[in-house]
Amino acid sequence: MFCLFAQPKLFFLKVLKKKMSKCSMHLNFLLVLLFCCVSPASFDLLLENLVVGLVACSPGQIQALTQLKNEFDTRGCNHSDNSNGVWCDNSTGGITKLQLSDCLSGTLKPNSSLFSLHDLRYLNLSENNFSSSSLPSEFRNLKKLEVLSLSSNGFLGQVPSSFSNLNKLSVLSLSDNDLTGSFPLVRNLTKLVLLDLSDNHFSGPLNPKSALFELHQLRDLFLSNNNFSSSLSSEFGKLSNLEVLYLPSNGFSGQVPPTISNLTKLKVLRLSDNHFSGTLAPNSGLFELHELRFLMLDYNNFSSSLPSEFGNLNNLEFLYLTFNLFSGQIPPTISNLTSLVELFLDGNELTGSFPLVWNLTKLSMLDLSDNHFSGTLNPNSGLFELHDLRYLNLGYNNFSSKLPSEFGNLSILEVLSLESNSFTGDIPLSICTISSLFGLVLSYNNFTGQIPRCLSKIAFVNLRENNLEGRLPDNFYVDASVQTLDVGRNQLVGKLPKSLINCSSLRVLVVDHNRIKDTFPFWLKALSNLKVFILRSNDFYGSISPPDQGPLGFPELRILEISDNSFTGSLPPNYFLNWKASSPTPNEDGGLYMAYNKTAYAPIFYTYTDVLDLQYKGISMGQEKILTFYAAIDFSGNKLEGQIPESIGHLKALIALNLSNNTFTGHIPLSLANVTELESLDLSSNHLSGTIPNGLASLSFLEYINVSHNQLKGEIPQGTQFSGQAESSFEGNAGLCGLPLQETCFGSNAPPTQQPNDEDEEEEVQVLSWKAVAFGYGAGMLLGLTIAQVIASFKPEWLTKIIGPYKRRNH
């Protein structure tokens with residue numbers, strides 16, 4: 001399933017520069033110093049080189065500036081930021097503008113020389129490292145300030161009440177710090193045009209008597225990602241000059257007040273990820289905001305049907321109603337929104353057939369997934385006339401019938417997700433004509449016929465659980481684009497195509513539950529990026545350790561599942577020694593899950609998150625996201641024999657190991673005690689003998705163990721890892737005794753459990769350091785995208801919605 005991740009971040013610095021270039025045009029500033037780039041020794045030289053006739057900073061101001069520099073560590077200055085500098089008024093010599101972003105490290109103290117620069121009108125200290133600093137009340141000394149940006153600095157504590165003395169401020173940004181307390185005092189800041197308190201820890205209600213509602217000049221208000229609560233006060237209607245109201249990710253509740261209709265200049269309204277509820281009544285006031293371009297109400301609890309009055313918002317470009325409780329059909333008036341570029345209605349209870357979208361010719365992204373739409377995709381709906389469409393997600397609905405060949409008309413489509421519907425028939429070949437296609441998800445439908453031969457050019461392909469037949473196409477060209485290919489649970493036959501060796505970018509290959517008959521594809525070891533390889537439940541056969549193939553080592557493999565096939569043979573003692581996977585590392589975006597970013601077109605990028613059916617801790621789990629610390633081997637349900645190699649102990653980052661339902665003999669390797677990350681161990685239904693190594697009791701993460709139906713004997717090791725297991729995990733071993741079995745070892749001749757000898761403890765060879773991976777909640781394939789838009793001259797750039805925590809409703 002594709003979905004969209006919320007990363008609501010404002011590029012405030014760019015906005016600030018634009019706004020301030022406008023605010024300070026009347027000032028005759030002179031750039032005299034790039035503060036973080038000039039050492040004290042070269043400071044005088046710079047002044048000597050000033051153009052004759054221009055007045056530089058006064059000596060007293062230079063001295064204060066030098067003192068300010070010496071108060072901080074400036075070695076980490078961002079030398080590429082040419083906007084950093086100091087400007088002086090050419091008539092008074094006073095410093096009137098100071099910008100030092102991403103430059104200073106240390107504590108901003110109350111006695112800082114900064115507070116002696118009394119002529120400052122513009123001060124931008126954003127993106128520095130003032131961690132462990134509170135906001136000094138001495139900012140009150142800078143009474144001429146018109147612009148103050150202290151964002152992204154790590155400031156702690158509450159905003160001093162003395163800030164209300166800065167009565168000339170037009171711009172105040174305190175965003176992205178660790179500030180606390182209730183809404184700060186702004187009583188005297190009546191000239192404020194922009195106020196940004198986002199990404200802090202402010203809390204409590206917005207009191208109707210708050211001075212906020214006396215800021216009648218306010219145009220842009222940002223309070224996102226705080227802990228504000230209560231309903232929205234009707235007093236917001238007094239802020240009649242507002243153009244941007246940005247309140248996502250708080251605890252606001254109740255209904256939108258009718259007085260919002262007074263905000264006739266409003267262009268951006270974002271109330272996402274709060275607890276708003278109730279209906280959007282035709283007279284709610286929202287539908288009188290005719291200047292709105294962005295309306296984002298996603299992740300709330302709004303209910304009722306969609307009012308036809310949405311059609312009144314004819315300037316709307318971006319409409320997000322994701323994950324609410326809207327029901328009924330989409331009103332025909334939606335076609336009045338001829339300026340609409342993005343429409344997200346996913347995660348509601350909407351019904352009916354595909355809406356008429358003939359007039360939405362500018363539409364670039366359309367998401368109707370996770371609703372109850374039904375019927376066919378009728379070419380007469382206008383869908384296939386949306387020639388600017390790049391993203392289409394209709395997954396998790398009840399659409400049926402064959403796919404129209406008109407999909408080929410969507411010539412710049414990049415993502416097509418139709419998963420979990422009831423589509424039938426062949427996959428139309430016209431899809432292969434869409435050269436821009438990046439993600440194709442047709443899983444969990446009833447498609448028949450053969451797989452199209454155009455998979456090589458599509459990065460992420462999921463055709464899982466259909467009725468596709470025939471062979472996998474054998475036409476993958478050199479450096480093919482495909483990164484994920486999941487064709488599991490179909491009726492495919494034949495062999496794995498040898499041309500897969502050309503897919504150098506391939507990361508995930510899943511062909512489980514088909515009828516593919518082949519030997520193990522050792523040749524795929526050449527794919528240096530392959531991380532997940534699943535052959536489960538096919539007709540593969542033969543040895544997985546023939547002497548002419550060398551070690552079974554994949555350079556980057558995280559998950560190898562070959563269960564329920566007919567593989568044979570034994571594993572040599574050094575079988576796992578040369579498996580060379582790198583240490584667990586986070587994704588490029590620092591996320592928890594296996595995910596891959598791809599820039600579509602500026603400023604849009606996609607994030608694709610892989611999902612798998614996992615066998616873990618004795619439970620089968622369908623379509624789970626994969627975390628970056630999970631590594632697993634599953635050789636169960638084959639015909640493997642001989643001893644389990646002691647070299648298994650060198651897979652130190654292994655999380656899950658399943659060797660059950662084979663004919664392994666000998667003892668349980670003592671070296672398993674070295675697999676310190678192990679959480680799930682299944683050795684059941686083999687012919688293992690001897691005792692259970694006591695060292696397994698030291699594996700602090702081990703939550704599931706099953707050694708049933710072997711020939712083990714002796715006392716079961718005692719410890720929380722074993723005592724919490726079910727009795728069934730040890731049954732079928734006539735010689736075992738001790739808890740959790742009923743058989744007691746008292747008075748028996750049970751041998752002691754095995755202890756590792758010194759050689760086992762000291763044995764060190766090349767260690768397999770598996771890259772991580774794991775599962776998390778979520779179904780389907782996830783594709784997130786983040787979209788930046790400029791909403792007006794001198795207005796912020798946005799990373800506009802795109803959703804928060806992944807949710808899915810079961811149908």
# chains A, B, ... in the order shown; residues from 1 in each chain; ligands from 1
>>> residues_around(residues="Ser728 in chain A", least_positions_apart="2", cutoff="10 Å", atoms="only C-alpha atoms", output="compact mmCIF listing (two decimals) with N, CA and C atoms, in the first residue's frame")
# COMPACT_ATOMS: atom_id res chain seq x y z
N ASN A 706 11.90 -23.22 20.51
CA ASN A 706 11.17 -24.46 20.27
C ASN A 706 12.17 -25.53 19.85
N VAL A 707 12.33 -26.54 20.72
CA VAL A 707 13.21 -27.66 20.41
C VAL A 707 12.43 -28.97 20.47
N SER A 708 11.11 -28.90 20.32
CA SER A 708 10.26 -30.08 20.43
C SER A 708 10.56 -31.11 19.34
N HIS A 709 10.20 -32.37 19.66
CA HIS A 709 10.28 -33.47 18.69
C HIS A 709 11.69 -33.65 18.15
N GLN A 725 8.52 -20.31 28.53
CA GLN A 725 8.12 -20.97 27.30
C GLN A 725 6.97 -21.94 27.57
N ALA A 726 6.23 -22.23 26.52
CA ALA A 726 5.15 -23.21 26.62
C ALA A 726 5.72 -24.61 26.74
N PHE A 730 8.99 -28.11 24.27
CA PHE A 730 9.98 -29.11 24.66
C PHE A 730 9.43 -30.54 24.55
N GLU A 731 8.17 -30.68 24.16
CA GLU A 731 7.57 -32.01 24.11
C GLU A 731 8.21 -32.84 23.00
N GLY A 732 8.00 -34.16 23.08
CA GLY A 732 8.55 -35.04 22.06
C GLY A 732 10.03 -35.33 22.24
N PRO A 740 9.66 -26.15 31.75
CA PRO A 740 8.21 -26.16 32.04
C PRO A 740 7.53 -27.52 31.85
N LEU A 741 8.33 -28.59 31.61
CA LEU A 741 7.74 -29.93 31.50
C LEU A 741 7.28 -30.42 32.87
>>> residues_around(residues="Ile330 in chain A", least_positions_apart="3", cutoff="10 Å", atoms="only C-alpha atoms", output="PDB file with C-alpha atoms, in the first residue's frame")
ATOM      1  CA  SER A 305     -20.915  13.417   4.553  1.00  0.00           C
ATOM      2  CA  LEU A 306     -18.792  15.826   2.528  1.00  0.00           C
ATOM      3  CA  PRO A 307     -20.802  19.039   2.077  1.00  0.00           C
ATOM      4  CA  SER A 308     -21.468  20.114  -1.475  1.00  0.00           C
ATOM      5  CA  PHE A 326     -16.352  11.174   6.403  1.00  0.00           C
ATOM      6  CA  SER A 327     -18.999   8.977   4.820  1.00  0.00           C
ATOM      7  CA  THR A 333     -19.478  19.891  -6.825  1.00  0.00           C
ATOM      8  CA  ILE A 334     -15.922  18.668  -6.253  1.00  0.00           C
ATOM      9  CA  SER A 335     -15.555  19.129 -10.006  1.00  0.00           C
ATOM     10  CA  LEU A 345      -9.496  11.620   0.734  1.00  0.00           C
ATOM     11  CA  LEU A 350     -16.632   7.112   1.546  1.00  0.00           C
ATOM     12  CA  THR A 351     -18.771   5.066  -0.820  1.00  0.00           C
ATOM     13  CA  GLY A 352     -20.082   5.111  -4.353  1.00  0.00           C
ATOM     14  CA  SER A 353     -18.377   4.832  -7.703  1.00  0.00           C
ATOM     15  CA  PHE A 354     -15.291   6.624  -8.910  1.00  0.00           C
ATOM     16  CA  PRO A 355     -16.077  10.381  -8.892  1.00  0.00           C
ATOM     17  CA  LEU A 356     -16.383  12.522 -11.979  1.00  0.00           C
TER      18      LEU A 356
END
>>> closest_residue(among="A:Ser151, A:Ser231, A:Gln63, A:Ser647", to="Leu179 in chain A", atoms="only C-alpha atoms")
A:Ser151
>>> residues_around(residues="Gln718 in chain A", least_positions_apart="2", cutoff="9 Å", atoms="only C-alpha atoms", output="PyMOL selection string")
chain A and resi 694+697+715-716+720-723+738-739
>>> closest_residue(among="A:His650, A:Leu557, A:Arg536, A:Val493", to="Leu506 in chain A", atoms="only C-alpha atoms")
A:Leu557
>>> closest_residue(among="A:Asp539, A:Asp479, A:Thr190, A:Thr361", to="Lys457 in chain A", atoms="only C-alpha atoms")
A:Asp479
>>> residues_around(residues="Ser504 in chain A", least_positions_apart="5", cutoff="9 Å", atoms="only C-alpha atoms", output="PyMOL selection string")
chain A and resi 478-483+526-530
>>> write_last_selection(atoms="N, CA, C and O atoms", output="PDB file, in the first residue's frame")
ATOM      1  N   VAL A 478      20.692  -4.952 -18.473  1.00  0.00           N
ATOM      2  CA  VAL A 478      21.800  -4.542 -17.609  1.00  0.00           C
ATOM      3  C   VAL A 478      21.449  -3.236 -16.899  1.00  0.00           C
ATOM      4  O   VAL A 478      20.956  -2.291 -17.523  1.00  0.00           O
ATOM      5  N   ASP A 479      21.705  -3.202 -15.578  1.00  0.00           N
ATOM      6  CA  ASP A 479      21.392  -2.041 -14.739  1.00  0.00           C
ATOM      7  C   ASP A 479      19.913  -1.684 -14.793  1.00  0.00           C
ATOM      8  O   ASP A 479      19.546  -0.498 -14.798  1.00  0.00           O
ATOM      9  N   ALA A 480      19.074  -2.712 -14.805  1.00  0.00           N
ATOM     10  CA  ALA A 480      17.629  -2.481 -14.768  1.00  0.00           C
ATOM     11  C   ALA A 480      17.256  -1.712 -13.512  1.00  0.00           C
ATOM     12  O   ALA A 480      17.916  -1.790 -12.484  1.00  0.00           O
ATOM     13  N   SER A 481      16.148  -0.958 -13.580  1.00  0.00           N
ATOM     14  CA  SER A 481      15.754  -0.066 -12.487  1.00  0.00           C
ATOM     15  C   SER A 481      15.182  -0.790 -11.280  1.00  0.00           C
ATOM     16  O   SER A 481      15.143  -0.226 -10.184  1.00  0.00           O
ATOM     17  N   VAL A 482      14.726  -2.016 -11.442  1.00  0.00           N
ATOM     18  CA  VAL A 482      13.957  -2.687 -10.393  1.00  0.00           C
ATOM     19  C   VAL A 482      14.775  -2.832  -9.111  1.00  0.00           C
ATOM     20  O   VAL A 482      15.922  -3.276  -9.124  1.00  0.00           O
ATOM     21  N   GLN A 483      14.154  -2.422  -7.991  1.00  0.00           N
ATOM     22  CA  GLN A 483      14.766  -2.546  -6.670  1.00  0.00           C
ATOM     23  C   GLN A 483      14.012  -3.525  -5.784  1.00  0.00           C
ATOM     24  O   GLN A 483      14.624  -4.201  -4.953  1.00  0.00           O
ATOM     25  N   ALA A 526      26.087 -12.417  -6.905  1.00  0.00           N
ATOM     26  CA  ALA A 526      26.732 -11.275  -7.559  1.00  0.00           C
ATOM     27  C   ALA A 526      25.964  -9.975  -7.358  1.00  0.00           C
ATOM     28  O   ALA A 526      26.491  -8.893  -7.645  1.00  0.00           O
ATOM     29  N   LEU A 527      24.717 -10.052  -6.842  1.00  0.00           N
ATOM     30  CA  LEU A 527      23.917  -8.839  -6.624  1.00  0.00           C
ATOM     31  C   LEU A 527      24.316  -8.226  -5.289  1.00  0.00           C
ATOM     32  O   LEU A 527      23.876  -8.656  -4.218  1.00  0.00           O
ATOM     33  N   SER A 528      25.124  -7.201  -5.354  1.00  0.00           N
ATOM     34  CA  SER A 528      25.749  -6.646  -4.146  1.00  0.00           C
ATOM     35  C   SER A 528      24.781  -5.884  -3.260  1.00  0.00           C
ATOM     36  O   SER A 528      25.126  -5.557  -2.120  1.00  0.00           O
ATOM     37  N   ASN A 529      23.575  -5.558  -3.749  1.00  0.00           N
ATOM     38  CA  ASN A 529      22.611  -4.806  -2.947  1.00  0.00           C
ATOM     39  C   ASN A 529      21.469  -5.659  -2.404  1.00  0.00           C
ATOM     40  O   ASN A 529      20.596  -5.141  -1.699  1.00  0.00           O
ATOM     41  N   LEU A 530      21.455  -6.951  -2.704  1.00  0.00           N
ATOM     42  CA  LEU A 530      20.336  -7.803  -2.307  1.00  0.00           C
ATOM     43  C   LEU A 530      20.314  -7.959  -0.787  1.00  0.00           C
ATOM     44  O   LEU A 530      21.269  -8.427  -0.175  1.00  0.00           O
TER      45      LEU A 530
END
>>> closest_atom_pairs(of="range 287-314 of chain A", to="range 247-268 of chain A", cutoff="10 Å", atoms="only C-alpha atoms", output="Markdown table")
| residue | atom | partner | partner_atom | distance |
| --- | --- | --- | --- | --- |
| A:Phe287 | CA | A:Ser261 | CA | 7.8 |
| A:Glu288 | CA | A:Ser261 | CA | 5.7 |
| A:Leu289 | CA | A:Thr264 | CA | 5.5 |
| A:His290 | CA | A:Thr264 | CA | 7.1 |
| A:Glu291 | CA | A:Lys267 | CA | 5.4 |
| A:Leu292 | CA | A:Lys267 | CA | 4.1 |
| A:Arg293 | CA | A:Lys267 | CA | 5.2 |
| A:Phe294 | CA | A:Val268 | CA | 4.7 |
| A:Leu295 | CA | A:Val268 | CA | 6.3 |
| A:Met296 | CA | A:Val268 | CA | 8.4 |
| A:Leu297 | CA | A:Pro248 | CA | 8.8 |
| A:Asp298 | CA | A:Pro248 | CA | 9.3 |
| A:Tyr299 | CA | A:Ser249 | CA | 9.3 |
| A:Asn300 | CA | A:Ser253 | CA | 8.9 |
| A:Asn301 | CA | A:Ser253 | CA | 9.2 |
| A:Phe302 | CA | A:Gln255 | CA | 8.6 |
>>> residues_around(residues="range 431-437 of chain A", least_positions_apart="3", cutoff="7 Å", atoms="only C-alpha atoms", output="NGL selection string")
:A and (407-408 or 411-415 or 428 or 454 or 458)
>>> residues_around(residues="Pro404 in chain A", least_positions_apart="4", cutoff="8 Å", atoms="only C-alpha atoms", output="list in words")
Leu377, Asn378, Pro379 and Pro428 of chain A
>>> closest_residue(among="A:Ala653, A:Leu702, A:Leu712, A:Leu535", to="Gly666 in chain A", atoms="only C-alpha atoms")
A:Leu712
>>> atom_distance(atom1="CA of Phe567 in chain A", atom2="CA of Phe635 in chain A")
8.9 Å
>>> closest_residue(among="A:Ser240, A:Asn315, A:Asn393, A:Thr691", to="Met365 in chain A", atoms="only C-alpha atoms")
A:Asn393
>>> residues_around(residues="Leu148 in chain A", least_positions_apart="4", cutoff="8 Å", atoms="only C-alpha atoms", output="JSON, numbers by chain")
{"A": [122, 123, 124, 169, 171, 172, 173]}
